[in-house]
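Enquirer: Contents are CSV, C-alpha atoms and all ligand atoms; file name final.csv:
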```
chain,number,residue,atom,x,y,z
A,1,MET,CA,32.4,31.5,18.8
A,2,ILE,CA,36.0,30.5,17.9
A,3,LEU,CA,37.3,28.9,21.0
A,4,GLN,CA,35.6,27.2,23.9
A,5,ALA,CA,36.7,25.5,27.1
A,6,ARG,CA,34.2,23.2,28.9
A,7,GLY,CA,34.9,22.0,32.4
A,8,LEU,CA,38.7,22.2,32.2
A,9,SER,CA,40.7,20.8,35.0
A,10,ARG,CA,44.4,20.4,35.4
A,11,SER,CA,46.7,19.6,38.3
A,12,TYR,CA,50.5,19.6,38.8
A,13,GLY,CA,51.0,16.6,40.9
A,14,ARG,CA,48.7,17.2,43.9
A,15,THR,CA,48.4,21.0,43.2
A,16,PRO,CA,45.2,21.8,41.4
A,17,ALA,CA,45.8,24.7,39.0
A,18,LEU,CA,42.4,24.7,37.1
A,19,SER,CA,39.1,23.4,38.3
A,20,GLU,CA,36.1,23.0,36.0
A,21,ALA,CA,36.8,26.2,34.0
A,22,ASP,CA,34.3,27.2,31.3
A,23,LEU,CA,35.1,29.9,28.8
A,24,THR,CA,33.7,30.9,25.4
A,25,VAL,CA,35.7,33.3,23.2
A,26,ASN,CA,34.1,35.0,20.2
A,27,ALA,CA,35.8,35.5,16.9
A,28,GLY,CA,37.5,38.9,16.7
A,29,GLU,CA,37.2,39.5,20.4
A,30,ILE,CA,39.9,40.9,22.6
A,31,LEU,CA,39.6,39.1,25.9
A,32,ALA,CA,41.6,39.7,29.1
A,33,VAL,CA,42.0,36.8,31.5
A,34,MET,CA,42.7,38.5,34.9
A,35,GLY,CA,43.4,37.2,38.3
A,36,PRO,CA,46.1,37.1,41.0
A,37,SER,CA,49.4,35.4,40.5
A,38,GLY,CA,49.1,31.6,40.9
A,39,SER,CA,45.3,31.6,40.2
A,40,GLY,CA,45.7,29.4,37.0
A,41,LYS,CA,45.7,31.9,34.2
A,42,SER,CA,48.8,30.6,32.4
A,43,THR,CA,47.5,27.0,32.8
A,44,LEU,CA,44.2,28.0,31.2
A,45,LEU,CA,46.0,29.7,28.3
A,46,HIS,CA,48.3,26.8,27.7
A,47,CYS,CA,45.3,24.4,27.7
A,48,LEU,CA,43.3,26.6,25.3
A,49,ALA,CA,46.3,26.8,23.0
A,50,GLY,CA,46.8,23.0,23.0
A,51,ILE,CA,50.2,23.3,24.6
A,52,PHE,CA,49.1,21.4,27.8
A,53,THR,CA,46.5,18.7,27.7
A,54,PRO,CA,43.9,19.1,30.5
A,55,ASP,CA,43.3,16.2,32.9
A,56,SER,CA,39.6,16.5,32.1
A,57,GLY,CA,37.2,18.8,30.2
A,58,GLU,CA,37.2,19.8,26.5
A,59,VAL,CA,38.8,22.4,24.3
A,60,TRP,CA,37.1,23.3,21.0
A,61,PHE,CA,38.6,25.5,18.3
A,62,ASP,CA,36.6,26.4,15.3
A,63,GLY,CA,34.4,23.3,15.5
A,64,ARG,CA,37.3,21.0,16.2
A,65,ARG,CA,38.2,19.3,19.4
A,66,LEU,CA,41.7,20.3,20.3
A,67,ASP,CA,42.5,18.4,23.5
A,68,THR,CA,42.1,15.0,22.0
A,69,MET,CA,43.8,15.8,18.7
A,70,ASN,CA,47.0,13.8,18.1
A,71,ASP,CA,50.3,15.7,18.6
A,72,ALA,CA,51.2,16.1,15.0
A,73,ARG,CA,47.9,17.6,14.1
A,74,ARG,CA,47.8,19.8,17.2
A,75,THR,CA,51.3,21.1,16.5
A,76,LYS,CA,50.4,21.9,12.9
A,77,LEU,CA,47.3,23.7,14.0
A,78,ARG,CA,49.2,25.7,16.6
A,79,ARG,CA,51.7,26.7,14.0
A,80,THR,CA,49.1,27.8,11.4
A,81,ALA,CA,46.2,29.1,13.4
A,82,PHE,CA,47.7,30.4,16.6
A,83,GLY,CA,50.3,33.1,17.5
A,84,PHE,CA,52.0,33.5,20.8
A,85,VAL,CA,53.5,36.5,22.7
A,86,PHE,CA,55.0,35.7,26.1
A,87,GLN,CA,56.6,37.9,28.7
A,88,PHE,CA,60.1,37.3,27.4
A,89,GLY,CA,62.4,34.7,26.0
A,90,GLN,CA,60.6,33.8,22.8
A,91,LEU,CA,63.0,35.4,20.4
A,92,VAL,CA,66.4,33.9,19.3
A,93,PRO,CA,68.8,36.6,20.5
A,94,GLU,CA,71.5,35.8,18.0
A,95,LEU,CA,69.2,36.2,15.0
A,96,THR,CA,68.3,39.5,13.5
A,97,ALA,CA,64.8,41.0,14.0
A,98,THR,CA,63.9,40.1,10.3
A,99,ASP,CA,65.1,36.5,10.7
A,100,ASN,CA,63.2,36.1,14.0
A,101,VAL,CA,60.0,37.3,12.3
A,102,ALA,CA,60.6,35.1,9.2
A,103,LEU,CA,61.2,32.0,11.3
A,104,PRO,CA,57.5,30.8,11.6
A,105,LEU,CA,57.1,31.3,7.9
A,106,LEU,CA,60.2,29.2,7.1
A,107,LEU,CA,58.9,26.5,9.4
A,108,GLY,CA,55.7,26.7,7.3
A,109,ARG,CA,57.9,26.1,4.3
A,110,ALA,CA,57.8,29.6,2.8
A,111,GLY,CA,60.7,30.5,0.6
A,112,ARG,CA,63.5,32.4,2.3
A,113,LYS,CA,63.2,35.6,0.2
A,114,ASP,CA,59.4,35.7,0.5
A,115,ALA,CA,59.6,35.1,4.2
A,116,ARG,CA,62.1,37.9,4.7
A,117,ARG,CA,60.1,40.3,2.6
A,118,ARG,CA,56.9,39.6,4.6
A,119,ALA,CA,58.8,39.8,7.9
A,120,GLY,CA,60.1,43.3,6.8
A,121,ARG,CA,56.6,44.5,6.1
A,122,TRP,CA,55.5,43.4,9.6
A,123,LEU,CA,58.4,45.1,11.2
A,124,GLU,CA,57.5,48.3,9.4
A,125,ARG,CA,53.9,48.1,10.7
A,126,LEU,CA,55.4,47.9,14.2
A,127,GLY,CA,57.6,50.9,13.6
A,128,LEU,CA,60.7,48.8,13.5
A,129,GLY,CA,61.6,49.2,9.8
A,130,GLU,CA,65.0,50.5,10.6
A,131,LEU,CA,65.9,47.7,13.0
A,132,GLY,CA,65.4,44.6,10.8
A,133,GLY,CA,69.1,43.9,10.6
A,134,ARG,CA,69.7,44.2,14.3
A,135,ARG,CA,70.2,41.1,16.5
A,136,THR,CA,67.2,40.9,18.9
A,137,GLY,CA,69.6,40.4,21.8
A,138,GLU,CA,70.7,44.0,21.3
A,139,LEU,CA,67.2,45.5,21.3
A,140,SER,CA,65.5,47.2,24.2
A,141,GLY,CA,62.7,45.3,26.0
A,142,GLY,CA,60.0,47.3,24.2
A,143,GLN,CA,61.6,46.8,20.8
A,144,ALA,CA,62.0,43.1,21.4
A,145,GLN,CA,58.4,42.8,22.4
A,146,ARG,CA,57.3,44.5,19.2
A,147,VAL,CA,59.4,42.0,17.2
A,148,ALA,CA,57.7,39.3,19.1
A,149,ILE,CA,54.3,40.7,18.1
A,150,ALA,CA,55.4,40.8,14.5
A,151,ARG,CA,56.6,37.2,14.7
A,152,ALA,CA,53.3,36.2,16.3
A,153,LEU,CA,51.2,37.9,13.6
A,154,VAL,CA,53.3,37.2,10.5
A,155,THR,CA,51.5,33.9,9.8
A,156,GLY,CA,48.1,35.4,9.9
A,157,PRO,CA,46.9,33.5,13.0
A,158,ARG,CA,43.2,33.3,13.9
A,159,VAL,CA,44.0,33.6,17.6
A,160,LEU,CA,46.8,35.4,19.3
A,161,PHE,CA,47.7,34.2,22.8
A,162,ALA,CA,49.5,36.7,25.0
A,163,ASP,CA,50.8,35.8,28.5
A,164,GLU,CA,51.7,38.9,30.5
A,165,PRO,CA,53.0,40.5,27.2
A,166,THR,CA,54.1,43.7,29.0
A,167,GLY,CA,55.2,42.1,32.2
A,168,ALA,CA,58.9,43.0,31.7
A,169,LEU,CA,58.3,46.5,30.5
A,170,ASP,CA,57.8,49.9,32.2
A,171,SER,CA,54.3,51.1,32.1
A,172,LEU,CA,54.6,53.7,29.3
A,173,THR,CA,56.4,51.2,27.0
A,174,GLY,CA,53.9,48.5,28.0
A,175,GLU,CA,51.0,50.7,27.0
A,176,HIS,CA,52.6,51.5,23.6
A,177,VAL,CA,53.1,47.7,23.0
A,178,MET,CA,49.5,47.0,24.0
A,179,GLU,CA,48.3,49.7,21.7
A,180,LEU,CA,50.2,48.2,18.8
A,181,LEU,CA,49.1,44.7,19.6
A,182,VAL,CA,45.5,45.5,19.9
A,183,GLY,CA,45.5,47.9,16.9
A,184,LEU,CA,47.0,45.3,14.6
A,185,ALA,CA,44.8,42.5,15.9
A,186,ARG,CA,41.7,44.6,15.1
A,187,GLU,CA,43.0,45.4,11.6
A,188,GLU,CA,43.6,41.8,10.9
A,189,GLY,CA,40.5,40.5,12.7
A,190,THR,CA,42.6,38.4,15.0
A,191,THR,CA,41.1,37.1,18.2
A,192,VAL,CA,43.3,37.9,21.2
A,193,ILE,CA,43.4,36.2,24.6
A,194,VAL,CA,45.7,38.2,26.9
A,195,VAL,CA,46.6,36.9,30.4
A,196,THR,CA,47.5,39.7,32.8
A,197,HIS,CA,47.2,40.8,36.4
A,198,ASP,CA,47.5,44.4,35.3
A,199,ALA,CA,44.3,46.4,35.0
A,200,ARG,CA,46.0,48.8,32.6
A,201,VAL,CA,46.6,45.9,30.1
A,202,ALA,CA,43.1,44.6,30.6
A,203,ALA,CA,41.7,48.1,29.8
A,204,PHE,CA,42.6,47.4,26.1
A,205,ALA,CA,40.3,44.4,26.0
A,206,ASP,CA,36.6,44.2,24.9
A,207,ARG,CA,35.8,42.0,27.9
A,208,GLU,CA,37.5,40.5,30.9
A,209,VAL,CA,37.1,37.3,32.9
A,210,ILE,CA,38.6,36.6,36.2
A,211,VAL,CA,40.3,33.4,37.4
A,212,ARG,CA,40.3,32.7,41.1
A,213,ASP,CA,41.9,29.6,42.7
A,214,GLY,CA,41.6,27.8,39.3
A,215,ARG,CA,38.0,28.6,39.0
A,216,LEU,CA,36.5,30.6,36.1
A,217,THR,CA,32.9,31.4,35.4
A,218,ASP,CA,32.2,32.9,32.1
A,219,PRO,CA,28.6,34.2,31.7
A,220,PHE,CA,28.8,33.6,27.9
A,221,ALA,CA,29.9,30.0,28.4
A,222,ALA,CA,26.9,29.5,30.7
A,223,GLY,CA,24.6,30.3,27.8
A,224,ALA,CA,23.8,33.9,28.4
A,225,VAL,CA,23.0,36.0,25.4
A,226,ARG,CA,25.3,38.9,24.5
B,301,LIG,P1,49.0,32.2,37.0
B,301,LIG,O1,49.3,32.2,35.5
B,301,LIG,O2,47.7,32.8,37.4
B,301,LIG,O3,50.1,32.9,37.8
B,301,LIG,P2,49.6,29.4,36.9
B,301,LIG,O4,48.6,28.8,35.9
B,301,LIG,O5,50.9,29.6,36.5
B,301,LIG,O6,48.9,30.7,37.5
B,301,LIG,O7,49.6,28.4,38.2
B,301,LIG,C1,48.5,27.9,38.8
B,301,LIG,C2,48.9,27.0,40.0
B,301,LIG,O8,49.6,25.9,39.5
B,301,LIG,C3,49.8,27.7,41.0
B,301,LIG,O9,49.5,27.2,42.3
B,301,LIG,C4,51.2,27.3,40.6
B,301,LIG,O10,52.1,27.3,41.7
B,301,LIG,C5,50.9,25.9,40.1
B,301,LIG,N1,51.9,25.5,39.0
B,301,LIG,C6,52.0,26.1,37.8
B,301,LIG,N2,53.0,25.5,37.1
B,301,LIG,C7,53.5,24.5,37.8
B,301,LIG,C8,54.4,23.5,37.6
B,301,LIG,N3,55.1,23.4,36.4
B,301,LIG,N4,54.7,22.6,38.6
B,301,LIG,C9,54.0,22.7,39.7
B,301,LIG,N5,53.0,23.6,40.0
B,301,LIG,C10,52.8,24.5,39.1
```
Once more with this new file: its structure as structure tokens, please.
Expert:
Amino acid sequence: MILQARGLSRSYGRTPALSEADLTVNAGEILAVMGPSGSGKSTLLHCLAGIFTPDSGEVWFDGRRLDTMNDARRTKLRRTAFGFVFQFGQLVPELTATDNVALPLLLGRAGRKDARRRAGRWLERLGLGELGGRRTGELSGGQAQRVAIARALVTGPRVLFADEPTGALDSLTGEHVMELLVGLAREEGTTVIVVTHDARVAAFADREVIVRDGRLTDPFAAGAVR
């Protein structure tokens, strides 16, 4: 087990978004979190990734309690151990594809030359070797999402969090993006948690759990044997 949520609850004002959610994620697993819009999927993902603090419950990552960690340590952990792919908006449109992918390495204090070289290698793995010098604001949606995947994986994260990663793409492009994401994650041994309401996206996962009205029951979290 690499990540675990125990009895997670979180409200926005008086709107409950998550109620006593339990989830256990195994290392190397590709897990789809499904459920209708507004059911609490994003809130769960943000709590698991240490972006939101839950109102109650616990989040454990690799033997460490995440929800009570101080901000500085949690930010560092997020930067080194987690990667993120969202629906859109995570790239800096004025920067080139290479510089976007190099950014997390530079934040981690890698040298500029080394960061750009590693970024270039990842862009090649995503079939974007030719487009490294292009500003991401000028790329198609599918190309931009592939750059986002390169940027999420370049630091070698243990867990990749993806929130509706194909939500802004047509279905064929979305399928291609999911194929690349899942293929590379498997090669790298990265655990993937993908939030989606799209069954075609979930079909790429090893396992799926369903959130309904903020409630989630994961048979593995309840102690069942695989
Ligand atoms: P999903 O990802 O499944 O669409 P969310 O986790 O985004 O669901 O939202 C769960 C519930 O919390 C919904 O009722 C939503 O309206 C509410 N909610 C989400 N974000 C906010 C926010 N920033 N302020 C108020 N309510 C929110």
Enquirer: With a cut-off of 7 Å, could you pull out the residues of chain A touching ligand LIG 301 (chain B) and give me the nearest pair of atoms for each, distance in Å to one decimal, using only C-alpha atoms and all ligand atoms, ordered by chain and ascending number, as CSV?
Expert:
```
residue,atom,partner,partner_atom,distance
A:Tyr12,CA,B:LIG301,C9,4.8
A:Gly13,CA,B:LIG301,C9,6.9
A:Thr15,CA,B:LIG301,N5,6.2
A:Pro16,CA,B:LIG301,O8,6.3
A:Ala17,CA,B:LIG301,C2,4.0
A:Gly35,CA,B:LIG301,O2,6.2
A:Pro36,CA,B:LIG301,O2,5.8
A:Ser37,CA,B:LIG301,O3,3.7
A:Gly38,CA,B:LIG301,O3,3.5
A:Ser39,CA,B:LIG301,O2,3.9
A:Gly40,CA,B:LIG301,O4,3.2
A:Lys41,CA,B:LIG301,O1,3.8
A:Ser42,CA,B:LIG301,O1,3.5
A:Thr43,CA,B:LIG301,O4,3.7
A:Leu44,CA,B:LIG301,O4,6.5
A:Gly214,CA,B:LIG301,C1,6.9
```
Enquirer: Using only C-alpha atoms, list the residues that have an atom at most 10 Å from (54.1, 47.2, 29.9), coordinates as in the file, as JSON, numbers by chain.
Expert: {"A": [87, 141, 142, 145, 164, 165, 166, 167, 168, 169, 170, 171, 172, 173, 174, 175, 176, 177, 178, 198, 200, 201]}
Enquirer: Skipping near chain neighbours, those fewer than 4 positions away, what residues fall within 7 Å of Asp67 in chain A using all atoms listed in the file, listed as a compact mmCIF listing (two decimals) with C-alpha atoms, in the frame of the given file?
Expert:
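New file out.txt:
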```txt
# COMPACT_ATOMS: atom_id res chain seq x y z
CA GLY A 50 46.80 23.00 23.00
CA THR A 53 46.50 18.70 27.70
CA GLU A 58 37.20 19.80 26.50
CA VAL A 59 38.80 22.40 24.30
```
Enquirer: So that I can see what lies close to Ala21 in chain A, please list as a PyMOL selection string the residues with an atom at most 12 Å from it, counting all atoms listed in the file and leaving out residues fewer than 2 positions away in the same chain.
Expert: chain A and resi 4-10+17-19+23-24+39-41+43-45+47-48+54-59+209-219+221-222
Enquirer: Give me, as JSON, numbers by chain, all polymer residues having an atom no more than 7 Å from Ala150 in chain A, counting only C-alpha atoms and skipping those fewer than 4 positions away in the same chain.
Expert: {"A": [101, 122, 123, 146, 154]}
Enquirer: A:Arg118, A:His46, A:Arg151, A:Arg158: which is nearest Pro104 in chain A, counting all atoms listed in the file?
Expert: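 Closest to Pro104 in chain A of all the choices is A:Arg151.
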Enquirer: Closest to Arg117 in chain A among A:Met69, A:Leu95, A:Met34, A:Ala102, using only C-alpha atoms?
Expert: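 The shortest atom-to-atom distance to Arg117 in chain A comes from A:Ala102.
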Enquirer: For Leu181 in chain A, which of A:Ile30, A:Ala115, A:Leu107, A:Leu91 is the closest residue, counting all atoms listed in the file?
Expert: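 Nearest candidate to Leu181 in chain A out of A:Ile30, A:Ala115, A:Leu107, A:Leu91: A:Ile30.
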Enquirer: Quick one: everything within 7 Å of Leu105 in chain A, counting all atoms listed in the file, minus sequence neighbours fewer than 4 positions away in the same chain. Send it as number ranges by chain.
Expert: A: 109-110, 115, 155
Enquirer: Pick out the closest residue to Ile149 in chain A from this set: A:Ala162, A:Ile193, A:Val85, A:Ala185. Count all atoms listed in the file.
Expert: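 Distance minimum relative to Ile149 in chain A lands on A:Val85.
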Enquirer: CA of Thr136 in chain A and CA of Asn100 in chain A, how far apart in Å?
Expert: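 A separation of 7.9 Å between them.
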Enquirer: Would you mind reading off the distance between CA of Asp22 in chain A and CA of Val194 in chain A, one decimal, in Å?
Expert: 16.4 Å
Enquirer: Using only C-alpha atoms, pick whichever of A:Asp71, A:Gly83, A:Asp114, A:Ser140 has the shortest atom-to-atom distance to Ala97 in chain A.
Expert: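 Of A:Asp71, A:Gly83, A:Asp114, A:Ser140, the one nearest Ala97 in chain A, counting only C-alpha atoms, is A:Ser140.
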Enquirer: Quick one: pull the distance between CA of Arg65 in chain A and CA of Phe204 in chain A, Å, one decimal.
Expert: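 The value is 29.2 Å.
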Enquirer: When you count all atoms listed in the file, which of these residues is closest to Arg116 in chain A: A:Leu103, A:Leu66, A:Leu128, A:Ala205?
Expert: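 Using all atoms listed in the file, Arg116 in chain A sits closest to A:Leu103.
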